[in-house]
Amino acid sequence: DPVTGEEMGEQMCYDLVDKDIAWKRIEEALLADNEQRRVVKVDIVLFDFAMRHLLRIARILSTPRGSALLVGVGGSGKQSLTRVAAYTQRQHAYFPTITAAYTTVNWLDDLRGQCLFAGIQGPCTFVITDAHIKDESYLEYINAALSSGDVPGPVSYTHLTLPTKRIV
């Protein structure tokens, strides 16, 4: 790729899928995702426009280093559709829990934790909203992680040795 310098693999070719088959697969994925959840179940009504957005999000998540900025009014289903799209791509969807005592150190730990998760267990989806951004520096860390794949700042010895302990 001339922009990123990464090797270009085979060109992706998408097969046309019948709309009814796509609806059925998405509804099955939604039911399966809800069955696995113990606490927060995704309760959404799928309609044509939502299904199109869900497929777009799933396509973005299926690409290497895929990331998206979803913009819309609150309550329009962005998080729910992202959660279902991540499930369809067999990715873990992580939503950070922000508390009053949440600091930049916690933010970096969450980012590092998801990078570690992705390296050991496979792809994950890190979902944040404007409510998660308590400090402008959070956006700088997200930008660094997206552009270089690295979370800046010191990494403790525990973070470095943990992956090898899990492998052995």
# chains A, B, ... in the order shown; residues from 1 in each chain; ligands from 1
$ residues_around --residues "Ala118 (chain A)" --least-positions-apart "2" --cutoff "12 Å" --atoms "only C-alpha atoms" --output "MDAnalysis selection string"
chainID A and resid 65 90:94 111:116 120:126 149 163
$ residues_around --residues "Arg25 (chain A)" --least-positions-apart "5" --cutoff "12 Å" --atoms "only C-alpha atoms" --output "list in words"
Val17, Asp18, Lys19, Asp20, Leu30, Leu31, Ala32, Met51, Leu54, Leu55, Val84, Ala85, Tyr87 and Thr88 of chain A
$ select_by_dssp --residues "region 110-144 of chain A" --states "helix (DSSP H, G or I)" --output "compact mmCIF listing (two decimals) with all heavy atoms, in the first residue's frame"
# COMPACT_ATOMS: atom_id res chain seq x y z
N ASP A 110 -6.07 0.62 30.48
CA ASP A 110 -7.12 0.04 29.63
C ASP A 110 -6.62 -0.17 28.20
O ASP A 110 -6.86 -1.21 27.60
CB ASP A 110 -8.36 0.94 29.62
CG ASP A 110 -9.23 0.79 30.85
OD1 ASP A 110 -9.05 -0.21 31.58
OD2 ASP A 110 -10.08 1.66 31.09
N LEU A 111 -5.92 0.83 27.67
CA LEU A 111 -5.37 0.71 26.32
C LEU A 111 -4.35 -0.42 26.23
O LEU A 111 -4.40 -1.25 25.31
CB LEU A 111 -4.73 2.02 25.88
CG LEU A 111 -5.65 3.11 25.36
CD1 LEU A 111 -4.85 4.38 25.05
CD2 LEU A 111 -6.38 2.66 24.12
N ARG A 112 -3.43 -0.45 27.19
CA ARG A 112 -2.42 -1.51 27.20
C ARG A 112 -3.07 -2.88 27.36
O ARG A 112 -2.66 -3.85 26.74
CB ARG A 112 -1.42 -1.28 28.33
CG ARG A 112 -0.42 -0.22 28.03
CD ARG A 112 0.69 -0.21 29.08
NE ARG A 112 1.36 1.06 29.04
CZ ARG A 112 1.17 2.06 29.89
NH1 ARG A 112 0.34 1.93 30.89
NH2 ARG A 112 1.83 3.20 29.75
N GLY A 113 -4.08 -2.94 28.21
CA GLY A 113 -4.77 -4.21 28.43
C GLY A 113 -5.42 -4.73 27.17
O GLY A 113 -5.36 -5.93 26.88
N GLN A 114 -6.00 -3.83 26.39
CA GLN A 114 -6.63 -4.28 25.15
C GLN A 114 -5.60 -4.64 24.08
O GLN A 114 -5.82 -5.55 23.29
CB GLN A 114 -7.60 -3.22 24.63
CG GLN A 114 -8.87 -3.11 25.47
CD GLN A 114 -9.49 -4.45 25.74
OE1 GLN A 114 -9.92 -5.14 24.82
NE2 GLN A 114 -9.54 -4.86 27.00
N CYS A 115 -4.48 -3.94 24.07
CA CYS A 115 -3.39 -4.32 23.16
C CYS A 115 -2.86 -5.71 23.53
O CYS A 115 -2.60 -6.54 22.66
CB CYS A 115 -2.26 -3.30 23.20
SG CYS A 115 -2.68 -1.73 22.42
N LEU A 116 -2.72 -5.96 24.82
CA LEU A 116 -2.27 -7.26 25.30
C LEU A 116 -3.29 -8.34 24.95
O LEU A 116 -2.95 -9.42 24.47
CB LEU A 116 -2.05 -7.20 26.81
CG LEU A 116 -1.47 -8.42 27.49
CD1 LEU A 116 -0.05 -8.67 27.00
CD2 LEU A 116 -1.48 -8.23 29.00
N PHE A 117 -4.55 -8.04 25.15
CA PHE A 117 -5.63 -8.97 24.82
C PHE A 117 -5.58 -9.31 23.34
O PHE A 117 -5.68 -10.48 22.95
CB PHE A 117 -6.99 -8.35 25.18
CG PHE A 117 -8.15 -9.26 24.91
CD1 PHE A 117 -8.64 -10.07 25.92
CD2 PHE A 117 -8.77 -9.30 23.67
CE1 PHE A 117 -9.71 -10.91 25.69
CE2 PHE A 117 -9.83 -10.13 23.43
CZ PHE A 117 -10.31 -10.95 24.44
N ALA A 118 -5.42 -8.30 22.49
CA ALA A 118 -5.38 -8.51 21.05
C ALA A 118 -4.17 -9.35 20.64
O ALA A 118 -4.26 -10.18 19.74
CB ALA A 118 -5.36 -7.17 20.31
N GLY A 119 -3.06 -9.15 21.32
CA GLY A 119 -1.86 -9.91 21.00
C GLY A 119 -1.92 -11.36 21.43
O GLY A 119 -1.34 -12.23 20.81
N ILE A 120 -2.64 -11.65 22.50
CA ILE A 120 -2.70 -13.01 23.03
C ILE A 120 -3.93 -13.77 22.54
O ILE A 120 -3.83 -14.89 22.08
CB ILE A 120 -2.69 -12.99 24.58
CG1 ILE A 120 -1.36 -12.45 25.07
CG2 ILE A 120 -2.93 -14.38 25.14
CD1 ILE A 120 -1.30 -12.24 26.57
N GLN A 121 -5.10 -13.12 22.62
CA GLN A 121 -6.33 -13.84 22.36
C GLN A 121 -6.96 -13.54 21.00
O GLN A 121 -7.88 -14.22 20.59
CB GLN A 121 -7.34 -13.55 23.46
CG GLN A 121 -6.87 -14.08 24.79
CD GLN A 121 -7.90 -13.92 25.88
OE1 GLN A 121 -9.05 -13.61 25.62
NE2 GLN A 121 -7.49 -14.13 27.11
N ASP A 130 -17.89 10.01 23.65
CA ASP A 130 -17.42 11.31 24.11
C ASP A 130 -17.43 11.38 25.64
O ASP A 130 -16.65 12.11 26.24
CB ASP A 130 -18.24 12.44 23.51
CG ASP A 130 -19.73 12.32 23.80
OD1 ASP A 130 -20.20 11.22 24.17
OD2 ASP A 130 -20.42 13.34 23.68
N ALA A 131 -18.28 10.60 26.29
CA ALA A 131 -18.34 10.59 27.76
C ALA A 131 -17.08 9.96 28.36
O ALA A 131 -16.75 10.24 29.52
CB ALA A 131 -19.57 9.84 28.23
N HIS A 132 -16.37 9.12 27.60
CA HIS A 132 -15.16 8.49 28.10
C HIS A 132 -13.97 9.44 28.10
O HIS A 132 -12.98 9.18 28.77
CB HIS A 132 -14.80 7.27 27.24
CG HIS A 132 -15.74 6.13 27.41
ND1 HIS A 132 -16.68 5.79 26.48
CD2 HIS A 132 -15.90 5.24 28.43
CE1 HIS A 132 -17.35 4.75 26.88
NE2 HIS A 132 -16.90 4.40 28.08
N SER A 137 -5.83 14.54 26.64
CA SER A 137 -4.69 13.65 26.39
C SER A 137 -5.14 12.25 25.99
O SER A 137 -4.41 11.53 25.32
CB SER A 137 -3.79 13.58 27.61
OG SER A 137 -4.46 12.98 28.69
N TYR A 138 -6.36 11.85 26.39
CA TYR A 138 -6.87 10.53 26.02
C TYR A 138 -6.89 10.39 24.50
O TYR A 138 -6.58 9.34 23.96
CB TYR A 138 -8.28 10.32 26.57
CG TYR A 138 -8.40 10.22 28.07
CD1 TYR A 138 -7.34 10.50 28.93
CD2 TYR A 138 -9.59 9.84 28.63
CE1 TYR A 138 -7.48 10.41 30.29
CE2 TYR A 138 -9.74 9.73 30.01
CZ TYR A 138 -8.69 10.03 30.83
OH TYR A 138 -8.82 9.93 32.19
N LEU A 139 -7.29 11.47 23.81
CA LEU A 139 -7.35 11.43 22.35
C LEU A 139 -5.96 11.30 21.74
O LEU A 139 -5.78 10.64 20.72
CB LEU A 139 -8.06 12.68 21.83
CG LEU A 139 -9.52 12.82 22.22
CD1 LEU A 139 -10.07 14.15 21.75
CD2 LEU A 139 -10.34 11.67 21.66
N GLU A 140 -4.98 11.94 22.36
CA GLU A 140 -3.61 11.82 21.87
C GLU A 140 -3.12 10.38 22.00
O GLU A 140 -2.43 9.87 21.11
CB GLU A 140 -2.69 12.77 22.63
CG GLU A 140 -3.01 14.24 22.37
CD GLU A 140 -2.21 15.17 23.27
OE1 GLU A 140 -1.21 14.74 23.86
OE2 GLU A 140 -2.61 16.35 23.35
N TYR A 141 -3.46 9.70 23.09
CA TYR A 141 -3.06 8.31 23.26
C TYR A 141 -3.77 7.40 22.26
O TYR A 141 -3.17 6.47 21.73
CB TYR A 141 -3.34 7.84 24.70
CG TYR A 141 -2.48 8.52 25.72
CD1 TYR A 141 -3.04 9.21 26.79
CD2 TYR A 141 -1.09 8.50 25.63
CE1 TYR A 141 -2.24 9.83 27.74
CE2 TYR A 141 -0.29 9.12 26.57
CZ TYR A 141 -0.87 9.79 27.62
OH TYR A 141 -0.08 10.41 28.54
N ILE A 142 -5.05 7.67 22.00
CA ILE A 142 -5.78 6.90 20.99
C ILE A 142 -5.14 7.10 19.63
O ILE A 142 -4.93 6.15 18.87
CB ILE A 142 -7.27 7.31 20.95
CG1 ILE A 142 -7.99 6.83 22.20
CG2 ILE A 142 -7.96 6.79 19.71
CD1 ILE A 142 -8.24 5.35 22.24
N ASN A 143 -4.81 8.35 19.28
CA ASN A 143 -4.18 8.64 18.00
C ASN A 143 -2.85 7.90 17.87
O ASN A 143 -2.56 7.32 16.82
CB ASN A 143 -3.97 10.15 17.86
CG ASN A 143 -3.37 10.52 16.52
OD1 ASN A 143 -3.76 9.98 15.49
ND2 ASN A 143 -2.42 11.43 16.54
N ALA A 144 -2.06 7.91 18.92
CA ALA A 144 -0.77 7.21 18.88
C ALA A 144 -0.98 5.71 18.70
O ALA A 144 -0.26 5.06 17.94
CB ALA A 144 0.02 7.50 20.15
$ select_by_dssp --residues "region 5-168 of chain A" --states "strand (DSSP E or B)" --output "PyMOL selection string"
chain A and resi 92-94+124-126
$ write_last_selection --atoms "N, CA and C atoms" --output "compact mmCIF listing (two decimals), in the first residue's frame"
# COMPACT_ATOMS: atom_id res chain seq x y z
N HIS A 92 -13.76 -9.40 20.59
CA HIS A 92 -14.23 -9.01 21.92
C HIS A 92 -14.47 -7.50 21.90
N ALA A 93 -15.66 -7.07 22.28
CA ALA A 93 -15.96 -5.64 22.36
C ALA A 93 -15.72 -5.16 23.78
N TYR A 94 -14.86 -4.17 23.92
CA TYR A 94 -14.50 -3.65 25.24
C TYR A 94 -14.98 -2.21 25.37
N CYS A 124 -9.76 -7.41 19.00
CA CYS A 124 -10.75 -6.86 19.91
C CYS A 124 -11.19 -5.49 19.40
N THR A 125 -12.32 -5.06 19.86
CA THR A 125 -12.87 -3.76 19.48
C THR A 125 -12.93 -2.90 20.73
N PHE A 126 -12.24 -1.76 20.69
CA PHE A 126 -12.19 -0.83 21.81
C PHE A 126 -13.18 0.28 21.50
$ atom_distance --atom1 "CA of Ala50 (chain A)" --atom2 "CA of Leu81 (chain A)"
7.7 Å
$ closest_residue --among "A:Ile57, A:Asn106, A:Val45, A:Asn34" --to "Lys78 (chain A)" --atoms "only C-alpha atoms"
A:Ile57
$ residues_around --residues "Ser76 (chain A)" --least-positions-apart "2" --cutoff "12 Å" --atoms "only C-alpha atoms" --output "PyMOL selection string"
chain A and resi 44-46+49-50+53+70-74+78-82
$ write_last_selection --atoms "C-alpha atoms" --output "JSON list (two decimals), in the first residue's frame"
[["chain", "number", "residue", "atom", "x", "y", "z"],
["A", 44, "ILE", "CA", -32.37, -3.30, 19.28],
["A", 45, "VAL", "CA", -34.86, -3.36, 16.48],
["A", 46, "LEU", "CA", -33.18, -4.10, 13.18],
["A", 49, "PHE", "CA", -30.96, 1.30, 7.50],
["A", 50, "ALA", "CA", -29.58, -0.22, 10.72],
["A", 53, "HIS", "CA", -24.77, 0.38, 9.02],
["A", 70, "LEU", "CA", -19.17, 6.81, 14.33],
["A", 71, "VAL", "CA", -20.97, 10.11, 14.61],
["A", 72, "GLY", "CA", -24.64, 10.53, 15.44],
["A", 73, "VAL", "CA", -27.12, 11.58, 18.07],
["A", 74, "GLY", "CA", -27.15, 9.72, 21.36],
["A", 78, "LYS", "CA", -24.01, 3.21, 17.41],
["A", 79, "GLN", "CA", -22.73, 1.21, 20.40],
["A", 80, "SER", "CA", -25.27, -1.58, 19.97],
["A", 81, "LEU", "CA", -24.51, -1.99, 16.28],
["A", 82, "THR", "CA", -20.78, -1.94, 17.01]]
$ atom_distance --atom1 "CA of Trp107 (chain A)" --atom2 "CA of Glu35 (chain A)"
29.7 Å
$ closest_residue --among "A:Thr63, A:Gln36, A:Lys134, A:Asp43" --to "Gly77 (chain A)" --atoms "only C-alpha atoms"
A:Asp43
